Amino acid sequence: MKRNNQLLVAAFGLLIASCGTGGVKKTPGGIEYIVHKSGSGAQLKLGDTALMNVTQRINDSILGESRKIVGAAIPVLISKPQNKFDLMEGLALLHEGDSATFVIPWDSLPVNERPPFGKKGDKLKITFAVENKFSASTQKEKDEKAIKEYMEKNKINATKNPDGVYIAIQQEGTGGTPNVGDTVVVHYTGKLTSGKVFDSSQDSTLRPGMPLEPIKFPIGQGFVIKGWDSGLKGLKKGTKATLLIPSTMAYGLQGSPPAIPANSILVFDVQLVDIKPGTPAPAAPAAAAPAPGKK
């Protein structure tokens with residue numbers, strides 16, 4: 001269980017109990033595992049990104065649970081096993097909908113890779129519950145449907161821009177719109193479609209001890225999520241609006257734990273307070289005039 005397992009066990013810091021009814025099996029490399037539930041989906045393969053709920057325990061002591069830590073299933077890239085006790089070998093045996101526990105003797109691991117909380121004779125028991133494979137096109141369709149349902153439920157009249165961000169104008173400003181490189185000054189409140197607020201420039205309870213002031217950044221240069229660059233660029237100075245941003249234009253598959261789970265649609269109430277002109281790009285040197293032809 002080399003680097004891949006360090007990511008799954010140490011870096012994720014995850015975990016759960018394992019008492020199964022499917023009988024003990026072994027991977028080709030010798031890792032024991034028990035299938036608790038057999039799904040009906042496709043088998044995982046190299047290169048797939050699977051969304052999983054991961055739990056781990058050592059003997060009978062539960063160490064943690066990914067859903068409680070992150071708030072949602074975590075993405076796991078199925079990659080080539082590195083050695084005998086690499087869990088990737090076992091994950092590639094699973095299907096969408098499967099739930100299985102893998103058992104690894106603590107003292108079978110290289111000394112420098114053993115979790116510090118174990119001892120000789122202990123067993124790591126790691127359970128993976130596979131929700132499904134991630135598909136960007138499928139996620140885009142899910143986001144589109146969810147945004148429309150949210151707009152209908154909350155009676156929001158918004159227009160979809162070419163990038164897929166929905167914009168509802170509450171109060172249109174009278175100033176100009178920002179150009180790429182201009183510094184925009186923005187007040188905002190961000191929330192999930194559940195209504196849970198995760199950040200705001202105007203709420204001291206979310207930013208204890210910090211001054212309540214608008215955020216400032218050069219627009220169109222990747223300093224913020226794509227949905228912000230896209231949604232703000234068409235607003236006039238002084239405008240108040242709501243941006244509904246699909247997950248693919250926000251934090252995507254990785255999310256921003258613990259506040260923003262993977263594949264979250266984000267809703268931002270924004271006010272474009274000011275636009276400060278950026279430094280103009282240097283002019284390209286004039287092309288040299290062609291040399292006169294000889295007669």
# chains A, B, ... in the order shown; residues from 1 in each chain; ligands from 1
call {"tool": "residues_around", "arguments": {"residues": "A:Gln202", "least_positions_apart": "4", "cutoff": "9 Å", "atoms": "only C-alpha atoms", "output": "tab-separated table (two decimals) with N, CA, C and O atoms, in the first residue's frame"}}
result
chain	number	residue	atom	x	y	z
A	187	HIS	N	-19.39	43.40	-3.19
A	187	HIS	CA	-19.98	42.84	-1.98
A	187	HIS	C	-20.72	41.56	-2.38
A	187	HIS	O	-21.31	41.51	-3.48
A	188	TYR	N	-20.72	40.57	-1.51
A	188	TYR	CA	-21.33	39.30	-1.90
A	188	TYR	C	-21.78	38.51	-0.68
A	188	TYR	O	-21.29	38.67	0.44
A	189	THR	N	-22.75	37.62	-0.93
A	189	THR	CA	-23.14	36.59	0.02
A	189	THR	C	-23.30	35.31	-0.79
A	189	THR	O	-24.04	35.28	-1.78
A	206	LEU	N	-19.80	35.34	10.04
A	206	LEU	CA	-19.06	34.44	9.15
A	206	LEU	C	-17.59	34.83	9.05
A	206	LEU	O	-16.77	34.03	8.61
A	207	ARG	N	-17.29	36.05	9.45
A	207	ARG	CA	-15.92	36.54	9.39
A	207	ARG	C	-15.56	37.22	10.72
A	207	ARG	O	-15.31	38.42	10.76
A	212	LEU	N	-15.64	44.16	7.63
A	212	LEU	CA	-16.65	43.90	6.61
A	212	LEU	C	-16.40	44.85	5.45
A	212	LEU	O	-16.74	46.04	5.51
A	213	GLU	N	-15.82	44.34	4.40
A	213	GLU	CA	-15.51	45.17	3.24
A	213	GLU	C	-15.62	44.32	1.98
A	213	GLU	O	-15.47	43.09	2.02
A	214	PRO	N	-15.88	44.95	0.85
A	214	PRO	CA	-16.03	44.20	-0.39
A	214	PRO	C	-14.70	43.59	-0.84
A	214	PRO	O	-13.62	44.07	-0.47
call {"tool": "residues_around", "arguments": {"residues": "stretch 94-102 of chain A", "least_positions_apart": "5", "cutoff": "8 Å", "atoms": "only C-alpha atoms", "output": "list of chain:residue names"}}
result
A:Ser18, A:Gly20, A:Ile31, A:Glu32, A:Tyr33, A:Ile34, A:Val35, A:His36, A:Lys37, A:Ser38, A:Gly39, A:Ser40, A:Gly41, A:Ala42, A:Gln43, A:Leu44, A:Leu87, A:Leu124, A:Lys125, A:Ile126, A:Thr127, A:Phe128, A:Ala129, A:Val130, A:Glu131, A:Asn132, A:Lys133
call {"tool": "residues_around", "arguments": {"residues": "stretch 231-239 of chain A", "least_positions_apart": "3", "cutoff": "12 Å", "atoms": "only C-alpha atoms", "output": "compact mmCIF listing (two decimals) with N, CA, C and O atoms, in the first residue's frame"}}
result
# COMPACT_ATOMS: atom_id res chain seq x y z
N ALA A 158 -34.20 34.63 -14.15
CA ALA A 158 -32.79 34.83 -14.51
C ALA A 158 -32.56 34.51 -15.97
O ALA A 158 -33.31 33.73 -16.59
N THR A 159 -31.50 35.09 -16.51
CA THR A 159 -31.10 34.86 -17.90
C THR A 159 -29.79 34.09 -17.92
O THR A 159 -28.85 34.42 -17.18
N LYS A 160 -29.71 33.10 -18.75
CA LYS A 160 -28.50 32.27 -18.86
C LYS A 160 -27.53 32.92 -19.83
O LYS A 160 -27.89 33.25 -20.97
N ASN A 161 -26.29 33.14 -19.40
CA ASN A 161 -25.30 33.74 -20.30
C ASN A 161 -24.61 32.63 -21.11
O ASN A 161 -24.84 31.44 -20.88
N PRO A 162 -23.78 32.99 -22.08
CA PRO A 162 -23.17 31.96 -22.96
C PRO A 162 -22.33 30.92 -22.23
O PRO A 162 -22.12 29.82 -22.74
N ASP A 163 -21.84 31.24 -21.03
CA ASP A 163 -21.01 30.29 -20.28
C ASP A 163 -21.83 29.35 -19.40
O ASP A 163 -21.27 28.44 -18.77
N GLY A 164 -23.14 29.59 -19.32
CA GLY A 164 -23.99 28.73 -18.50
C GLY A 164 -24.31 29.26 -17.13
O GLY A 164 -24.94 28.58 -16.32
N VAL A 165 -23.89 30.51 -16.83
CA VAL A 165 -24.21 31.13 -15.55
C VAL A 165 -25.54 31.86 -15.68
O VAL A 165 -25.76 32.61 -16.64
N TYR A 166 -26.44 31.64 -14.72
CA TYR A 166 -27.73 32.32 -14.71
C TYR A 166 -27.61 33.62 -13.90
O TYR A 166 -27.06 33.61 -12.79
N ILE A 167 -28.14 34.72 -14.46
CA ILE A 167 -28.00 36.03 -13.83
C ILE A 167 -29.38 36.66 -13.68
O ILE A 167 -30.12 36.81 -14.65
N ALA A 168 -29.72 37.00 -12.43
CA ALA A 168 -30.98 37.69 -12.14
C ALA A 168 -30.65 39.09 -11.62
O ALA A 168 -30.02 39.23 -10.58
N ILE A 169 -31.05 40.10 -12.36
CA ILE A 169 -30.78 41.48 -11.97
C ILE A 169 -31.86 41.96 -11.02
O ILE A 169 -33.05 41.95 -11.34
N GLN A 170 -31.45 42.41 -9.82
CA GLN A 170 -32.40 43.00 -8.87
C GLN A 170 -32.45 44.53 -9.03
O GLN A 170 -33.51 45.15 -8.94
N GLN A 171 -31.29 45.11 -9.26
CA GLN A 171 -31.20 46.56 -9.43
C GLN A 171 -30.05 46.85 -10.37
O GLN A 171 -28.90 46.57 -10.06
N GLU A 172 -30.37 47.39 -11.54
CA GLU A 172 -29.32 47.62 -12.52
C GLU A 172 -28.62 48.95 -12.25
O GLU A 172 -29.26 49.97 -11.98
N GLY A 173 -27.29 48.92 -12.34
CA GLY A 173 -26.51 50.13 -12.14
C GLY A 173 -26.52 51.01 -13.38
O GLY A 173 -27.06 50.64 -14.43
N THR A 174 -25.89 52.15 -13.24
CA THR A 174 -25.87 53.11 -14.34
C THR A 174 -24.48 53.31 -14.92
O THR A 174 -24.29 54.07 -15.88
N GLY A 175 -23.48 52.62 -14.34
CA GLY A 175 -22.12 52.78 -14.82
C GLY A 175 -21.80 51.83 -15.96
O GLY A 175 -22.67 51.14 -16.50
N GLY A 176 -20.50 51.79 -16.29
CA GLY A 176 -20.07 50.92 -17.37
C GLY A 176 -19.82 49.49 -16.87
O GLY A 176 -19.97 49.19 -15.67
N THR A 177 -19.47 48.61 -17.79
CA THR A 177 -19.14 47.23 -17.45
C THR A 177 -17.62 47.06 -17.42
O THR A 177 -16.90 47.81 -18.09
N PRO A 178 -17.12 46.11 -16.65
CA PRO A 178 -15.66 45.96 -16.53
C PRO A 178 -15.04 45.30 -17.76
O PRO A 178 -15.67 44.47 -18.43
N ASN A 179 -13.81 45.69 -18.03
CA ASN A 179 -13.00 45.03 -19.05
C ASN A 179 -12.03 44.07 -18.36
O ASN A 179 -11.72 44.21 -17.18
N VAL A 180 -11.53 43.10 -19.12
CA VAL A 180 -10.55 42.16 -18.57
C VAL A 180 -9.36 42.95 -18.01
O VAL A 180 -8.82 43.83 -18.68
N GLY A 181 -8.99 42.63 -16.77
CA GLY A 181 -7.88 43.31 -16.13
C GLY A 181 -8.30 44.45 -15.22
O GLY A 181 -7.52 44.89 -14.37
N ASP A 182 -9.54 44.94 -15.38
CA ASP A 182 -10.05 45.97 -14.46
C ASP A 182 -10.22 45.35 -13.07
O ASP A 182 -10.56 44.17 -12.94
N THR A 183 -10.01 46.14 -12.05
CA THR A 183 -10.25 45.67 -10.68
C THR A 183 -11.70 45.96 -10.31
O THR A 183 -12.15 47.12 -10.38
N VAL A 184 -12.42 44.90 -9.98
CA VAL A 184 -13.81 45.07 -9.56
C VAL A 184 -13.88 45.01 -8.04
O VAL A 184 -13.12 44.29 -7.38
N VAL A 185 -14.81 45.77 -7.48
CA VAL A 185 -15.03 45.83 -6.04
C VAL A 185 -16.44 45.29 -5.80
O VAL A 185 -17.42 45.88 -6.28
N VAL A 186 -16.53 44.17 -5.07
CA VAL A 186 -17.79 43.43 -5.01
C VAL A 186 -18.17 43.05 -3.58
O VAL A 186 -17.37 42.45 -2.85
N HIS A 187 -19.39 43.40 -3.19
CA HIS A 187 -19.98 42.84 -1.98
C HIS A 187 -20.72 41.56 -2.38
O HIS A 187 -21.31 41.51 -3.48
N TYR A 188 -20.72 40.57 -1.51
CA TYR A 188 -21.33 39.30 -1.90
C TYR A 188 -21.78 38.51 -0.68
O TYR A 188 -21.29 38.67 0.44
N PHE A 217 -10.58 42.38 -6.91
CA PHE A 217 -9.73 41.50 -7.72
C PHE A 217 -9.81 41.91 -9.19
O PHE A 217 -10.81 42.49 -9.62
N PRO A 218 -8.76 41.62 -9.95
CA PRO A 218 -8.81 41.90 -11.40
C PRO A 218 -9.66 40.85 -12.10
O PRO A 218 -9.43 39.64 -11.95
N ILE A 219 -10.64 41.31 -12.83
CA ILE A 219 -11.58 40.39 -13.45
C ILE A 219 -11.00 39.72 -14.70
O ILE A 219 -10.16 40.30 -15.41
N GLY A 220 -11.42 38.48 -14.92
CA GLY A 220 -11.04 37.76 -16.13
C GLY A 220 -9.64 37.20 -16.14
O GLY A 220 -9.14 36.81 -17.20
N GLN A 221 -9.00 37.14 -14.97
CA GLN A 221 -7.62 36.66 -14.92
C GLN A 221 -7.45 35.45 -14.00
O GLN A 221 -6.34 35.13 -13.59
N VAL A 224 -10.60 34.27 -9.28
CA VAL A 224 -11.79 33.74 -8.62
C VAL A 224 -12.33 32.59 -9.46
O VAL A 224 -11.79 32.28 -10.53
N ILE A 225 -13.40 31.94 -8.98
CA ILE A 225 -13.98 30.85 -9.76
C ILE A 225 -14.49 31.38 -11.10
O ILE A 225 -14.82 32.56 -11.24
N LYS A 226 -14.55 30.49 -12.07
CA LYS A 226 -14.95 30.89 -13.43
C LYS A 226 -16.32 31.54 -13.46
O LYS A 226 -16.58 32.46 -14.25
N GLY A 227 -17.23 31.03 -12.62
CA GLY A 227 -18.59 31.58 -12.62
C GLY A 227 -18.65 33.03 -12.20
O GLY A 227 -19.52 33.78 -12.66
N TRP A 228 -17.71 33.45 -11.35
CA TRP A 228 -17.66 34.86 -10.95
C TRP A 228 -17.15 35.72 -12.10
O TRP A 228 -17.73 36.75 -12.42
N THR A 242 -28.21 38.39 -8.62
CA THR A 242 -27.98 37.03 -8.11
C THR A 242 -27.38 36.20 -9.22
O THR A 242 -27.90 36.19 -10.34
N LEU A 243 -26.28 35.53 -8.91
CA LEU A 243 -25.63 34.63 -9.85
C LEU A 243 -25.89 33.19 -9.43
O LEU A 243 -25.65 32.83 -8.27
N LEU A 244 -26.40 32.39 -10.33
CA LEU A 244 -26.57 30.96 -10.09
C LEU A 244 -25.52 30.24 -10.92
O LEU A 244 -25.59 30.24 -12.16
N ILE A 245 -24.56 29.66 -10.23
CA ILE A 245 -23.37 29.14 -10.90
C ILE A 245 -23.34 27.61 -10.86
O ILE A 245 -23.34 27.02 -9.77
N PRO A 246 -23.33 26.96 -12.01
CA PRO A 246 -23.25 25.49 -12.02
C PRO A 246 -21.93 25.03 -11.42
O PRO A 246 -20.93 25.75 -11.43
N MET A 249 -18.64 25.46 -13.13
CA MET A 249 -18.07 26.81 -13.18
C MET A 249 -17.71 27.30 -11.78
O MET A 249 -17.36 28.46 -11.59
N ALA A 250 -17.82 26.38 -10.79
CA ALA A 250 -17.51 26.73 -9.41
C ALA A 250 -16.34 25.88 -8.93
O ALA A 250 -15.27 25.92 -9.51
N VAL A 267 -25.00 29.87 -5.23
CA VAL A 267 -25.87 31.03 -5.42
C VAL A 267 -25.22 32.23 -4.75
O VAL A 267 -24.96 32.20 -3.54
N PHE A 268 -24.93 33.27 -5.52
CA PHE A 268 -24.29 34.46 -4.97
C PHE A 268 -25.17 35.68 -5.20
O PHE A 268 -25.57 35.97 -6.33
N ASP A 269 -25.45 36.39 -4.11
CA ASP A 269 -26.04 37.73 -4.21
C ASP A 269 -24.88 38.71 -4.23
O ASP A 269 -24.06 38.73 -3.29
N VAL A 270 -24.76 39.48 -5.29
CA VAL A 270 -23.60 40.35 -5.46
C VAL A 270 -24.02 41.79 -5.72
O VAL A 270 -25.12 42.06 -6.21
N GLN A 271 -23.13 42.70 -5.38
CA GLN A 271 -23.28 44.12 -5.73
C GLN A 271 -21.95 44.59 -6.28
O GLN A 271 -20.92 44.52 -5.60
N LEU A 272 -21.95 45.03 -7.54
CA LEU A 272 -20.74 45.54 -8.17
C LEU A 272 -20.57 47.00 -7.73
O LEU A 272 -21.12 47.92 -8.33
N VAL A 273 -19.82 47.18 -6.65
CA VAL A 273 -19.69 48.49 -6.01
C VAL A 273 -18.89 49.47 -6.86
O VAL A 273 -19.25 50.65 -6.99
N ASP A 274 -17.80 48.98 -7.46
CA ASP A 274 -16.93 49.90 -8.19
C ASP A 274 -16.12 49.12 -9.23
O ASP A 274 -15.96 47.90 -9.13
N ILE A 275 -15.63 49.85 -10.20
CA ILE A 275 -14.74 49.30 -11.23
C ILE A 275 -13.55 50.25 -11.35
O ILE A 275 -13.73 51.45 -11.61
N LYS A 276 -12.37 49.72 -11.15
CA LYS A 276 -11.16 50.54 -11.26
C LYS A 276 -10.40 50.08 -12.51
O LYS A 276 -10.06 48.90 -12.62
call {"tool": "closest_residue", "arguments": {"among": "A:Lys148, A:Leu46, A:Phe117, A:Ser256", "to": "A:Ile62", "atoms": "only C-alpha atoms"}}
result
A:Phe117
call {"tool": "select_by_dssp", "arguments": {"residues": "stretch 15-165 of chain A", "states": "strand (DSSP E)", "output": "PyMOL selection string"}}
result
chain A and resi 24-26+32-37+49-58+61-65+74-77+99-105+123-133+159-160
call {"tool": "atom_distance", "arguments": {"atom1": "atom CA of A:Ile265", "atom2": "atom CA of A:Ser247"}}
result
4.7 Å
call {"tool": "closest_residue", "arguments": {"among": "A:Ile147, A:Val111, A:Val103, A:Ala136", "to": "A:Lys123", "atoms": "only C-alpha atoms"}}
result
A:Val103
call {"tool": "residues_around", "arguments": {"residues": "A:Pro258", "least_positions_apart": "3", "cutoff": "7 Å", "atoms": "only C-alpha atoms", "output": "ChimeraX atom specification"}}
result
/A:70-71,261
call {"tool": "write_last_selection", "arguments": {"atoms": "C-alpha atoms", "output": "PDB file, in the first residue's frame"}}
result
ATOM      1  CA  VAL A  70     -16.418  16.266   3.883  1.00  0.00           C
ATOM      2  CA  GLY A  71     -20.206  16.273   3.746  1.00  0.00           C
ATOM      3  CA  PRO A 261     -19.393  19.776  -1.005  1.00  0.00           C
TER       4      PRO A 261
END
call {"tool": "closest_residue", "arguments": {"among": "A:Asn154, A:Gln56, A:Ser79, A:Gln139", "to": "A:Ala262", "atoms": "only C-alpha atoms"}}
result
A:Gln139
call {"tool": "select_by_dssp", "arguments": {"residues": "stretch 23-234 of chain A", "states": "helix (DSSP H, G or I)", "output": "VMD selection string"}}
result
chain A and resid 66 to 70 87 to 91 106 to 108 111 to 113 136 to 153 226 to 232
call {"tool": "write_last_selection", "arguments": {"atoms": "N, CA and C atoms", "output": "compact mmCIF listing (two decimals), in the first residue's frame"}}
result
# COMPACT_ATOMS: atom_id res chain seq x y z
N SER A 66 -15.83 9.64 5.80
CA SER A 66 -15.68 10.73 4.83
C SER A 66 -16.93 11.60 4.72
N ARG A 67 -18.10 10.99 4.76
CA ARG A 67 -19.32 11.78 4.61
C ARG A 67 -19.47 12.78 5.75
N LYS A 68 -19.03 12.38 6.95
CA LYS A 68 -19.12 13.30 8.08
C LYS A 68 -18.03 14.37 8.01
N ILE A 69 -16.88 14.00 7.46
CA ILE A 69 -15.77 14.95 7.38
C ILE A 69 -15.97 15.95 6.25
N VAL A 70 -16.33 15.43 5.08
CA VAL A 70 -16.42 16.27 3.88
C VAL A 70 -17.84 16.73 3.60
N LEU A 87 -4.38 -0.66 -2.41
CA LEU A 87 -5.84 -0.77 -2.43
C LEU A 87 -6.44 -0.53 -3.81
N MET A 88 -5.71 0.12 -4.70
CA MET A 88 -6.24 0.34 -6.04
C MET A 88 -6.58 -0.97 -6.73
N GLU A 89 -5.83 -2.01 -6.42
CA GLU A 89 -6.12 -3.33 -6.99
C GLU A 89 -7.52 -3.79 -6.60
N GLY A 90 -7.88 -3.53 -5.35
CA GLY A 90 -9.20 -3.93 -4.89
C GLY A 90 -10.31 -3.03 -5.41
N LEU A 91 -10.04 -1.72 -5.50
CA LEU A 91 -11.07 -0.80 -5.97
C LEU A 91 -11.47 -1.09 -7.41
N TRP A 106 -1.77 -4.44 9.83
CA TRP A 106 -0.96 -3.25 10.09
C TRP A 106 0.52 -3.53 9.89
N ASP A 107 0.99 -4.70 10.38
CA ASP A 107 2.42 -4.99 10.30
C ASP A 107 2.85 -5.53 8.94
N SER A 108 1.90 -5.58 7.96
CA SER A 108 2.30 -5.97 6.60
C SER A 108 2.77 -4.76 5.80
N VAL A 111 7.46 -0.04 7.32
CA VAL A 111 7.50 0.67 8.59
C VAL A 111 7.17 2.14 8.43
N ASN A 112 7.71 2.78 7.39
CA ASN A 112 7.49 4.22 7.22
C ASN A 112 6.10 4.56 6.68
N GLU A 113 5.28 3.54 6.38
CA GLU A 113 3.94 3.78 5.87
C GLU A 113 2.85 3.32 6.83
N ALA A 136 -18.53 14.50 -16.52
CA ALA A 136 -18.70 15.95 -16.61
C ALA A 136 -19.98 16.31 -17.36
N SER A 137 -20.28 15.58 -18.44
CA SER A 137 -21.48 15.89 -19.22
C SER A 137 -22.75 15.57 -18.43
N THR A 138 -22.73 14.47 -17.69
CA THR A 138 -23.88 14.12 -16.85
C THR A 138 -24.07 15.15 -15.75
N GLN A 139 -22.95 15.58 -15.15
CA GLN A 139 -23.03 16.58 -14.08
C GLN A 139 -23.59 17.89 -14.60
N LYS A 140 -23.20 18.26 -15.80
CA LYS A 140 -23.70 19.50 -16.39
C LYS A 140 -25.21 19.45 -16.56
N GLU A 141 -25.71 18.30 -16.98
CA GLU A 141 -27.16 18.12 -17.15
C GLU A 141 -27.87 18.19 -15.80
N LYS A 142 -27.27 17.56 -14.78
CA LYS A 142 -27.86 17.58 -13.44
C LYS A 142 -27.90 19.00 -12.89
N ASP A 143 -26.81 19.75 -13.11
CA ASP A 143 -26.76 21.13 -12.65
C ASP A 143 -27.86 21.97 -13.31
N GLU A 144 -28.00 21.80 -14.61
CA GLU A 144 -28.99 22.57 -15.36
C GLU A 144 -30.40 22.32 -14.83
N LYS A 145 -30.68 21.06 -14.59
CA LYS A 145 -32.00 20.71 -14.07
C LYS A 145 -32.20 21.27 -12.67
N ALA A 146 -31.19 21.15 -11.83
CA ALA A 146 -31.30 21.62 -10.44
C ALA A 146 -31.44 23.14 -10.37
N ILE A 147 -30.72 23.85 -11.24
CA ILE A 147 -30.81 25.31 -11.25
C ILE A 147 -32.21 25.76 -11.65
N LYS A 148 -32.78 25.12 -12.65
CA LYS A 148 -34.12 25.49 -13.09
C LYS A 148 -35.15 25.20 -12.00
N GLU A 149 -34.97 24.07 -11.30
CA GLU A 149 -35.89 23.75 -10.20
C GLU A 149 -35.75 24.76 -9.07
N TYR A 150 -34.52 25.19 -8.79
CA TYR A 150 -34.28 26.19 -7.74
C TYR A 150 -34.92 27.52 -8.11
N MET A 151 -34.77 27.92 -9.38
CA MET A 151 -35.35 29.18 -9.83
C MET A 151 -36.88 29.15 -9.74
N GLU A 152 -37.46 28.02 -10.11
CA GLU A 152 -38.91 27.90 -10.04
C GLU A 152 -39.40 27.94 -8.59
N LYS A 153 -38.72 27.22 -7.73
CA LYS A 153 -39.11 27.15 -6.32
C LYS A 153 -39.00 28.51 -5.65
N LYS A 226 -14.55 30.49 -12.07
CA LYS A 226 -14.95 30.89 -13.43
C LYS A 226 -16.32 31.54 -13.46
N GLY A 227 -17.23 31.03 -12.62
CA GLY A 227 -18.59 31.58 -12.62
C GLY A 227 -18.65 33.03 -12.20
N TRP A 228 -17.71 33.45 -11.35
CA TRP A 228 -17.66 34.86 -10.95
C TRP A 228 -17.15 35.72 -12.10
N ASP A 229 -16.04 35.32 -12.69
CA ASP A 229 -15.52 36.08 -13.83
C ASP A 229 -16.58 36.22 -14.92
N SER A 230 -17.28 35.11 -15.19
CA SER A 230 -18.29 35.11 -16.24
C SER A 230 -19.50 35.95 -15.89
N GLY A 231 -19.97 35.80 -14.65
CA GLY A 231 -21.20 36.49 -14.26
C GLY A 231 -21.04 37.97 -14.04
N LEU A 232 -19.88 38.39 -13.56
CA LEU A 232 -19.67 39.80 -13.24
C LEU A 232 -19.31 40.65 -14.45
call {"tool": "atom_distance", "arguments": {"atom1": "atom CA of A:Gly47", "atom2": "atom CA of A:Leu93"}}
result
13.6 Å
call {"tool": "closest_residue", "arguments": {"among": "A:Met210, A:Val24, A:Ala92, A:Ala73", "to": "A:Asn263", "atoms": "only C-alpha atoms"}}
result
A:Ala73
call {"tool": "atom_distance", "arguments": {"atom1": "atom CA of A:Lys196", "atom2": "atom CA of A:Val54"}}
result
24.6 Å
call {"tool": "closest_residue", "arguments": {"among": "A:Pro257, A:Pro277, A:Asn83, A:Pro110", "to": "A:Pro28", "atoms": "only C-alpha atoms"}}
result
A:Asn83
call {"tool": "decode", "arguments": {"residues": "stretch 76-91 of chain A", "atoms": "N, CA and C atoms", "output": "mmCIF file, in the first residue's frame"}}
result
data_model
loop_
_atom_site.group_PDB
_atom_site.id
_atom_site.type_symbol
_atom_site.label_atom_id
_atom_site.label_comp_id
_atom_site.auth_asym_id
_atom_site.auth_seq_id
_atom_site.Cartn_x
_atom_site.Cartn_y
_atom_site.Cartn_z
ATOM 1 N N VAL A 76 -12.420 9.566 -6.122
ATOM 2 C CA VAL A 76 -11.235 8.708 -6.080
ATOM 3 C C VAL A 76 -10.877 8.312 -7.517
ATOM 4 N N LEU A 77 -9.670 8.663 -7.943
ATOM 5 C CA LEU A 77 -9.198 8.305 -9.276
ATOM 6 C C LEU A 77 -8.641 6.892 -9.244
ATOM 7 N N ILE A 78 -9.187 6.011 -10.070
ATOM 8 C CA ILE A 78 -8.724 4.633 -10.125
ATOM 9 C C ILE A 78 -7.438 4.592 -10.952
ATOM 10 N N SER A 79 -6.342 4.245 -10.287
ATOM 11 C CA SER A 79 -5.037 4.251 -10.948
ATOM 12 C C SER A 79 -4.364 2.884 -10.817
ATOM 13 N N LYS A 80 -3.239 2.749 -11.457
ATOM 14 C CA LYS A 80 -2.541 1.468 -11.498
ATOM 15 C C LYS A 80 -1.942 1.139 -10.131
ATOM 16 N N PRO A 81 -2.150 -0.102 -9.627
ATOM 17 C CA PRO A 81 -1.554 -0.494 -8.339
ATOM 18 C C PRO A 81 -0.035 -0.404 -8.387
ATOM 19 N N GLN A 82 0.549 -0.028 -7.244
ATOM 20 C CA GLN A 82 2.003 0.125 -7.175
ATOM 21 C C GLN A 82 2.700 -1.090 -6.570
ATOM 22 N N ASN A 83 2.004 -1.825 -5.697
ATOM 23 C CA ASN A 83 2.619 -3.009 -5.099
ATOM 24 C C ASN A 83 1.548 -3.964 -4.573
ATOM 25 N N LYS A 84 1.969 -4.970 -3.867
ATOM 26 C CA LYS A 84 1.090 -6.061 -3.434
ATOM 27 C C LYS A 84 -0.102 -5.581 -2.620
ATOM 28 N N PHE A 85 0.126 -4.677 -1.696
ATOM 29 C CA PHE A 85 -0.953 -4.258 -0.815
ATOM 30 C C PHE A 85 -1.528 -2.894 -1.194
ATOM 31 N N ASP A 86 -1.526 -2.599 -2.479
ATOM 32 C CA ASP A 86 -2.107 -1.347 -2.955
ATOM 33 C C ASP A 86 -3.619 -1.515 -3.081
ATOM 34 N N LEU A 87 -4.381 -0.663 -2.406
ATOM 35 C CA LEU A 87 -5.837 -0.766 -2.429
ATOM 36 C C LEU A 87 -6.443 -0.533 -3.809
ATOM 37 N N MET A 88 -5.709 0.115 -4.697
ATOM 38 C CA MET A 88 -6.237 0.338 -6.035
ATOM 39 C C MET A 88 -6.581 -0.974 -6.734
ATOM 40 N N GLU A 89 -5.832 -2.014 -6.415
ATOM 41 C CA GLU A 89 -6.117 -3.332 -6.992
ATOM 42 C C GLU A 89 -7.520 -3.787 -6.603
ATOM 43 N N GLY A 90 -7.881 -3.529 -5.355
ATOM 44 C CA GLY A 90 -9.204 -3.928 -4.891
ATOM 45 C C GLY A 90 -10.305 -3.032 -5.412
ATOM 46 N N LEU A 91 -10.045 -1.724 -5.497
ATOM 47 C CA LEU A 91 -11.075 -0.804 -5.967
ATOM 48 C C LEU A 91 -11.468 -1.086 -7.411
#
